[in-house]
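Below is the file entry_31.txt, which contains compact mmCIF, C-alpha atoms.
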# COMPACT_ATOMS: atom_id res chain seq x y z
CA MET A 1 0.00 0.00 0.00
CA ASP A 2 1.49 3.33 -1.09
CA LEU A 3 -0.96 5.41 0.95
CA ASP A 4 -3.24 4.65 3.86
CA VAL A 5 -5.91 7.17 4.87
CA SER A 6 -7.98 6.89 8.04
CA THR A 7 -10.30 9.24 9.92
CA ARG A 8 -11.14 9.65 13.60
CA GLU A 9 -12.55 12.28 15.95
CA GLU A 10 -10.32 13.93 18.46
CA ALA A 11 -10.85 16.99 20.65
CA GLY A 12 -14.06 17.73 18.75
CA ARG A 13 -12.30 17.86 15.41
CA VAL A 14 -12.09 15.43 12.54
CA VAL A 15 -8.54 14.11 12.18
CA VAL A 16 -7.57 12.54 8.86
CA VAL A 17 -4.34 10.57 9.15
CA ALA A 18 -2.40 9.87 5.96
CA ILE A 19 0.47 7.39 5.99
CA GLY A 20 2.76 6.80 3.03
CA GLU A 21 3.22 8.81 -0.16
CA VAL A 22 0.75 11.31 -1.60
CA ASP A 23 1.43 11.55 -5.31
CA VAL A 24 -0.29 11.62 -8.69
CA TYR A 25 -1.32 7.97 -8.19
CA THR A 26 -2.43 7.99 -4.55
CA ALA A 27 -3.77 11.56 -4.13
CA PRO A 28 -7.27 10.53 -5.35
CA GLN A 29 -7.58 8.39 -2.17
CA LEU A 30 -7.01 11.42 0.05
CA ASP A 31 -9.27 13.50 -2.20
CA ALA A 32 -12.07 10.94 -1.89
CA GLU A 33 -11.90 10.96 1.91
CA LEU A 34 -11.74 14.76 2.23
CA SER A 35 -14.55 15.18 -0.31
CA ARG A 36 -16.68 12.64 1.58
CA LEU A 37 -16.13 14.49 4.87
CA THR A 38 -16.81 17.98 3.52
CA ALA A 39 -19.90 16.73 1.66
CA ASP A 40 -21.10 15.39 5.05
CA GLY A 41 -20.66 18.84 6.56
CA ARG A 42 -17.64 17.74 8.59
CA THR A 43 -15.53 20.79 7.92
CA ASP A 44 -13.46 21.21 11.10
CA LEU A 45 -10.50 19.23 9.81
CA VAL A 46 -6.96 18.38 10.76
CA VAL A 47 -5.00 16.46 8.14
CA ASP A 48 -2.10 14.70 9.83
CA LEU A 49 0.77 14.31 7.36
CA ALA A 50 3.38 13.44 10.01
CA ARG A 51 3.86 9.99 8.53
CA VAL A 52 3.77 11.15 4.92
CA ASP A 53 7.28 11.06 3.55
CA PHE A 54 6.50 12.41 0.08
CA LEU A 55 3.89 14.82 -1.25
CA ASP A 56 3.73 16.25 -4.77
CA SER A 57 1.70 18.97 -6.51
CA THR A 58 -1.26 16.62 -6.89
CA GLY A 59 -1.35 16.28 -3.11
CA LEU A 60 -1.18 20.06 -2.77
CA SER A 61 -4.12 20.45 -5.17
CA VAL A 62 -6.20 18.05 -3.08
CA LEU A 63 -5.49 20.04 0.08
CA VAL A 64 -6.25 23.37 -1.61
CA LYS A 65 -9.56 21.96 -2.87
CA ALA A 66 -10.40 20.83 0.68
CA LEU A 67 -9.42 24.25 2.03
CA LYS A 68 -11.87 25.94 -0.36
CA ARG A 69 -14.72 23.66 0.70
CA VAL A 70 -13.93 24.07 4.38
CA ARG A 71 -13.82 27.86 4.12
CA GLU A 72 -17.11 27.98 2.22
CA ALA A 73 -18.65 26.20 5.21
CA ASP A 74 -16.89 28.46 7.76
CA GLY A 75 -14.85 25.47 8.87
CA ARG A 76 -11.15 25.05 9.52
CA LEU A 77 -8.30 23.10 7.98
CA ASP A 78 -5.02 22.56 9.80
CA LEU A 79 -2.12 20.37 8.76
CA VAL A 80 0.47 18.44 10.74
CA VAL A 81 3.76 18.36 8.86
CA THR A 82 6.95 17.04 10.43
CA SER A 83 9.17 16.13 7.49
CA ASP A 84 11.41 18.82 6.00
CA ARG A 85 10.85 17.26 2.60
CA VAL A 86 7.09 17.75 2.81
CA ALA A 87 7.36 21.17 4.47
CA LYS A 88 9.54 22.38 1.60
CA VAL A 89 6.78 21.73 -0.96
CA PHE A 90 4.44 24.00 0.99
CA ARG A 91 7.15 26.63 1.41
CA ILE A 92 8.21 26.92 -2.22
CA THR A 93 4.61 27.11 -3.43
CA GLY A 94 3.70 29.63 -0.73
CA LEU A 95 0.87 27.39 0.49
CA ASP A 96 2.27 27.55 4.02
CA GLN A 97 0.88 31.11 4.01
CA LEU A 98 -2.59 29.80 3.20
CA ILE A 99 -2.90 26.65 5.32
CA PRO A 100 -1.59 26.54 8.91
CA LEU A 101 1.18 23.95 9.35
CA HIS A 102 1.80 22.45 12.78
CA ALA A 103 4.74 20.43 14.07
CA SER A 104 2.54 17.98 16.00
CA LEU A 105 -1.06 16.84 16.25
CA ALA A 106 -1.19 18.27 19.79
CA ASP A 107 -0.22 21.69 18.37
CA ALA A 108 -2.85 21.46 15.65
CA LEU A 109 -5.55 20.57 18.17
CA ALA A 110 -4.50 23.23 20.70
CA MET B 1 26.76 7.90 -20.94
CA PRO B 2 23.38 7.19 -19.39
CA VAL B 3 23.49 5.51 -15.98
CA ALA B 4 19.86 4.47 -16.33
CA THR B 5 17.20 4.52 -18.99
CA LEU B 6 13.63 3.81 -18.16
CA SER B 7 10.54 3.55 -20.30
CA ILE B 8 7.25 3.67 -18.43
CA PRO B 9 3.68 3.20 -19.64
CA PRO B 10 1.77 6.51 -19.51
CA SER B 11 -0.06 5.54 -16.36
CA VAL B 12 0.20 7.33 -13.01
CA GLU B 13 1.10 4.26 -10.93
CA HIS B 14 4.46 4.09 -12.70
CA VAL B 15 5.61 7.61 -11.79
CA ARG B 16 6.90 6.30 -8.44
CA THR B 17 9.26 3.91 -10.28
CA ALA B 18 10.83 6.86 -12.11
CA ARG B 19 11.27 8.72 -8.81
CA LEU B 20 12.97 5.72 -7.18
CA VAL B 21 15.38 5.23 -10.07
CA ALA B 22 16.29 8.93 -10.19
CA VAL B 23 16.84 9.05 -6.42
CA ALA B 24 19.07 5.96 -6.42
CA ALA B 25 21.14 7.38 -9.29
CA ALA B 26 21.36 10.84 -7.63
CA ARG B 27 22.74 9.26 -4.42
CA ARG B 28 25.30 7.31 -6.43
CA SER B 29 26.34 10.57 -8.13
CA GLY B 30 27.15 11.99 -4.72
CA LEU B 31 24.41 14.62 -4.42
CA ASP B 32 23.67 15.59 -0.83
CA GLU B 33 20.40 14.42 0.73
CA GLU B 34 18.68 17.78 0.44
CA THR B 35 19.44 17.86 -3.29
CA VAL B 36 18.34 14.23 -3.59
CA ASP B 37 14.98 15.36 -2.15
CA ASP B 38 14.79 18.02 -4.87
CA VAL B 39 15.56 15.37 -7.50
CA ARG B 40 12.80 13.14 -6.11
CA LEU B 41 10.19 15.88 -6.26
CA ALA B 42 11.27 17.52 -9.54
CA VAL B 43 11.60 14.23 -11.45
CA GLY B 44 8.28 13.06 -10.01
CA GLU B 45 6.59 16.27 -11.17
CA ALA B 46 8.17 16.22 -14.63
CA VAL B 47 7.36 12.54 -15.24
CA ALA B 48 3.82 12.88 -13.85
CA ARG B 49 3.25 15.84 -16.15
CA ALA B 50 4.48 13.86 -19.16
CA VAL B 51 2.28 10.89 -18.21
CA LEU B 52 -0.79 13.12 -17.85
CA ARG B 53 -0.03 14.84 -21.15
CA HIS B 54 0.23 11.46 -22.89
CA GLY B 55 -3.18 10.67 -21.40
CA ALA B 56 -4.64 13.97 -22.58
CA ALA B 57 -3.24 13.33 -26.08
CA GLU B 58 -4.72 9.81 -25.92
CA ILE B 59 -1.47 8.12 -26.90
CA ASP B 60 -0.11 4.99 -25.25
CA THR B 61 3.51 5.63 -26.21
CA HIS B 62 5.76 5.18 -23.17
CA VAL B 63 7.35 8.11 -21.38
CA ASP B 64 11.13 7.74 -21.56
CA VAL B 65 13.42 8.81 -18.76
CA VAL B 66 17.20 8.95 -19.22
CA VAL B 67 19.50 9.56 -16.27
CA ARG B 68 23.03 10.78 -17.00
CA ASP B 69 26.10 11.50 -14.91
CA ASP B 70 29.10 12.68 -16.92
CA GLY B 71 31.15 13.53 -13.84
CA HIS B 72 30.32 17.24 -14.09
CA GLY B 73 26.63 17.08 -13.53
CA PHE B 74 23.64 14.92 -12.85
CA GLU B 75 20.92 15.10 -15.49
CA VAL B 76 17.50 13.59 -16.00
CA GLU B 77 15.83 13.76 -19.41
CA VAL B 78 12.08 13.32 -19.60
CA HIS B 79 10.84 12.51 -23.09
CA ASP B 80 7.26 13.67 -23.52
CA HIS B 81 5.86 12.29 -26.78
CA SER B 82 2.54 14.12 -26.56
CA SER B 83 1.84 17.11 -28.76
CA PRO B 84 3.08 20.58 -27.69
CA SER B 85 -0.51 21.73 -28.19
CA VAL B 86 -1.68 19.63 -25.22
CA ARG B 87 -2.51 21.94 -22.34
CA ASP B 88 -1.60 21.13 -18.74
CA ASP B 89 -4.77 20.99 -16.67
CA ASP B 90 -3.06 21.74 -13.35
CA ASP B 91 -2.61 25.51 -13.91
CA GLY B 92 1.09 24.86 -14.39
CA ILE B 93 1.82 23.98 -10.75
CA ALA B 94 3.94 20.96 -11.68
CA LEU B 95 6.12 22.94 -14.05
CA ALA B 96 6.42 25.83 -11.59
CA LEU B 97 7.70 23.41 -8.95
CA VAL B 98 10.20 21.93 -11.38
CA GLU B 99 11.43 25.43 -12.25
CA ALA B 100 11.82 26.26 -8.56
CA LEU B 101 13.77 23.09 -7.75
CA VAL B 102 16.08 22.55 -10.71
CA PRO B 103 19.23 24.68 -11.18
CA GLU B 104 19.33 24.15 -14.96
CA LEU B 105 16.24 23.37 -16.97
CA ARG B 106 16.46 22.89 -20.74
CA THR B 107 13.78 22.14 -23.29
CA HIS B 108 14.70 20.69 -26.63
CA GLY B 109 11.78 19.54 -28.72
CA GLU B 110 9.93 16.95 -26.68
CA VAL B 111 12.78 16.50 -24.20
CA LEU B 112 12.82 18.32 -20.89
CA THR B 113 16.25 18.09 -19.20
CA LEU B 114 16.62 18.64 -15.47
CA ALA B 115 20.27 19.28 -14.61
CA TRP B 116 22.14 19.55 -11.33
CA PRO B 117 25.73 20.65 -11.91
CA LEU B 118 28.15 18.95 -9.51
CA SER B 119 30.45 21.35 -7.73
CA PRO B 120 34.00 19.98 -7.15
CA SER B 121 33.62 20.41 -3.38
CA ALA B 122 30.37 18.43 -3.30
Represent the structure of the file as structure tokens.
Amino acid sequence: MDLDVSTREEAGRVVVVAIGEVDVYTAPQLDAELSRLTADGRTDLVVDLARVDFLDSTGLSVLVKALKRVREADGRLDLVVTSDRVAKVFRITGLDQLIPLHASLADALA
Amino acid sequence: MPVATLSIPPSVEHVRTARLVAVAAARRSGLDEETVDDVRLAVGEAVARAVLRHGAAEIDTHVDVVVRDDGHGFEVEVHDHSSPSVRDDDDGIALALVEALVPELRTHGEVLTLAWPLSPSA
């Protein structure tokens, strides 16, 4: 399995945990889960990417799409990013200015 | 002389293979780990873009990837056999990332070359 996506509730928020690589092949899995949640009106989201060791522009597009849906519903989207490799993708595209990045799930839920 | 040549079907599940080959070759060439990360992302983006463009052009020709190390630099060629008239449907994010990550980017016909010059101290 290149990517595993699971969802749970924690501290009143919906936490989506992705494990593996988010790329042009696997990003549709994450997209499907985030689309399902936002369509259900669950728009207070934390996407935990701490155990994602690779994320490409397709993954970024999925997160930006989720951000739009969450904002339309007055919800929130926070990300947990621990790897420098993944953080760099957000930094060079400037998306770290648009979506809050946190160093741990505890930080994101605080 | 190429250190690796790879021909992948224009299907997104094969992009990871191209990334893995490029990363292994980049390490062998002596690039530092941060640069290897750039190679991983940039090659992944360039190959994914070529694969998607082949799909948009409805051709099943393979995407060819050639990795070279001539001692002065590490290069990855991505051969995109789709038509130049095919439009990227990602607003150009993939190409923008490649441009941000690669020190020398050359386009010659259908070949996009991503080049990392090796400094003598590296």
Atom CA of Ser82 of chain B to atom CA of Ala24 of chain B, distance in Å rounded to a single decimal: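 Separation of atom CA of Ser82 of chain B and atom CA of Ala24 of chain B: 27.3 Å.
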Chain A contacts to chain B at 12 Å (only C-alpha atoms) as an MDAnalysis selection string: chainID A and resid 1:2 21:28 53:62 83:95
Neighbour list for Leu77 of chain A as number ranges by chain, cut-off 12 Å, only C-alpha atoms, skip fewer than 2 positions in-chain: A: 13-16, 34, 38, 42-48, 63-75, 79-80, 98-102, 108-109
I need the residues from that last selection saved to file as a CSV table (one decimal), keeping the file's coordinate frame (with C-alpha atoms), if you can.
chain,number,residue,atom,x,y,z
A,13,ARG,CA,-12.3,17.9,15.4
A,14,VAL,CA,-12.1,15.4,12.5
A,15,VAL,CA,-8.5,14.1,12.2
A,16,VAL,CA,-7.6,12.5,8.9
A,34,LEU,CA,-11.7,14.8,2.2
A,38,THR,CA,-16.8,18.0,3.5
A,42,ARG,CA,-17.6,17.7,8.6
A,43,THR,CA,-15.5,20.8,7.9
A,44,ASP,CA,-13.5,21.2,11.1
A,45,LEU,CA,-10.5,19.2,9.8
A,46,VAL,CA,-7.0,18.4,10.8
A,47,VAL,CA,-5.0,16.5,8.1
A,48,ASP,CA,-2.1,14.7,9.8
A,63,LEU,CA,-5.5,20.0,0.1
A,64,VAL,CA,-6.2,23.4,-1.6
A,65,LYS,CA,-9.6,22.0,-2.9
A,66,ALA,CA,-10.4,20.8,0.7
A,67,LEU,CA,-9.4,24.2,2.0
A,68,LYS,CA,-11.9,25.9,-0.4
A,69,ARG,CA,-14.7,23.7,0.7
A,70,VAL,CA,-13.9,24.1,4.4
A,71,ARG,CA,-13.8,27.9,4.1
A,72,GLU,CA,-17.1,28.0,2.2
A,73,ALA,CA,-18.6,26.2,5.2
A,74,ASP,CA,-16.9,28.5,7.8
A,75,GLY,CA,-14.8,25.5,8.9
A,79,LEU,CA,-2.1,20.4,8.8
A,80,VAL,CA,0.5,18.4,10.7
A,98,LEU,CA,-2.6,29.8,3.2
A,99,ILE,CA,-2.9,26.6,5.3
A,100,PRO,CA,-1.6,26.5,8.9
A,101,LEU,CA,1.2,24.0,9.4
A,102,HIS,CA,1.8,22.4,12.8
A,108,ALA,CA,-2.8,21.5,15.6
A,109,LEU,CA,-5.6,20.6,18.2
Selection near Thr107 of chain B, 10 Å with all atoms listed in the file, sequence-local residues under 4 positions removed, as a PyMOL selection string: chain B and resi 77-78+111-114
Between atom CA of Thr35 of chain B and atom CA of Val102 of chain B, distance in Å (one decimal): 9.4 Å
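Take atom CA of Ala22 of chain B and atom CA of Pro2 of chain B: the distance between them is 11.7 Å.
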Nearest candidate to Glu75 of chain B (options B:Leu118, B:Ala50, B:Val63, B:Ala57; using only C-alpha atoms): B:Leu118
Point (5.6, 12.2, 9.9) neighbourhood (7 Å, only C-alpha atoms) written as JSON, numbers by chain: {"A": [49, 50, 51, 52, 53, 81, 82, 83]}
Written selection (C-alpha atoms) as a PDB file, in the coordinates of the input:
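As a result, part.pdb now contains:
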ATOM      1  CA  LEU A  49       0.770  14.310   7.360  1.00  0.00           C
ATOM      2  CA  ALA A  50       3.380  13.440  10.010  1.00  0.00           C
ATOM      3  CA  ARG A  51       3.860   9.990   8.530  1.00  0.00           C
ATOM      4  CA  VAL A  52       3.770  11.150   4.920  1.00  0.00           C
ATOM      5  CA  ASP A  53       7.280  11.060   3.550  1.00  0.00           C
ATOM      6  CA  VAL A  81       3.760  18.360   8.860  1.00  0.00           C
ATOM      7  CA  THR A  82       6.950  17.040  10.430  1.00  0.00           C
ATOM      8  CA  SER A  83       9.170  16.130   7.490  1.00  0.00           C
TER       9      SER A  83
END
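Among the candidates A:Asp107, A:Asp96, A:Asp40, A:Glu33, the one nearest to Ala11 of chain A when counting all atoms listed in the file is A:Asp107.
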Non-local contacts of Gly73 of chain B (9 Å; only C-alpha atoms; under 2 positions in same chain excluded) as number ranges by chain: B: 29, 68-71, 75, 115-119
How about saving the chosen residues, C-alpha atoms kept, as a PDB file, in the frame of the given file?
ATOM      1  CA  SER B  29      26.340  10.570  -8.130  1.00  0.00           C
ATOM      2  CA  ARG B  68      23.030  10.780 -17.000  1.00  0.00           C
ATOM      3  CA  ASP B  69      26.100  11.500 -14.910  1.00  0.00           C
ATOM      4  CA  ASP B  70      29.100  12.680 -16.920  1.00  0.00           C
ATOM      5  CA  GLY B  71      31.150  13.530 -13.840  1.00  0.00           C
ATOM      6  CA  GLU B  75      20.920  15.100 -15.490  1.00  0.00           C
ATOM      7  CA  ALA B 115      20.270  19.280 -14.610  1.00  0.00           C
ATOM      8  CA  TRP B 116      22.140  19.550 -11.330  1.00  0.00           C
ATOM      9  CA  PRO B 117      25.730  20.650 -11.910  1.00  0.00           C
ATOM     10  CA  LEU B 118      28.150  18.950  -9.510  1.00  0.00           C
ATOM     11  CA  SER B 119      30.450  21.350  -7.730  1.00  0.00           C
TER      12      SER B 119
END
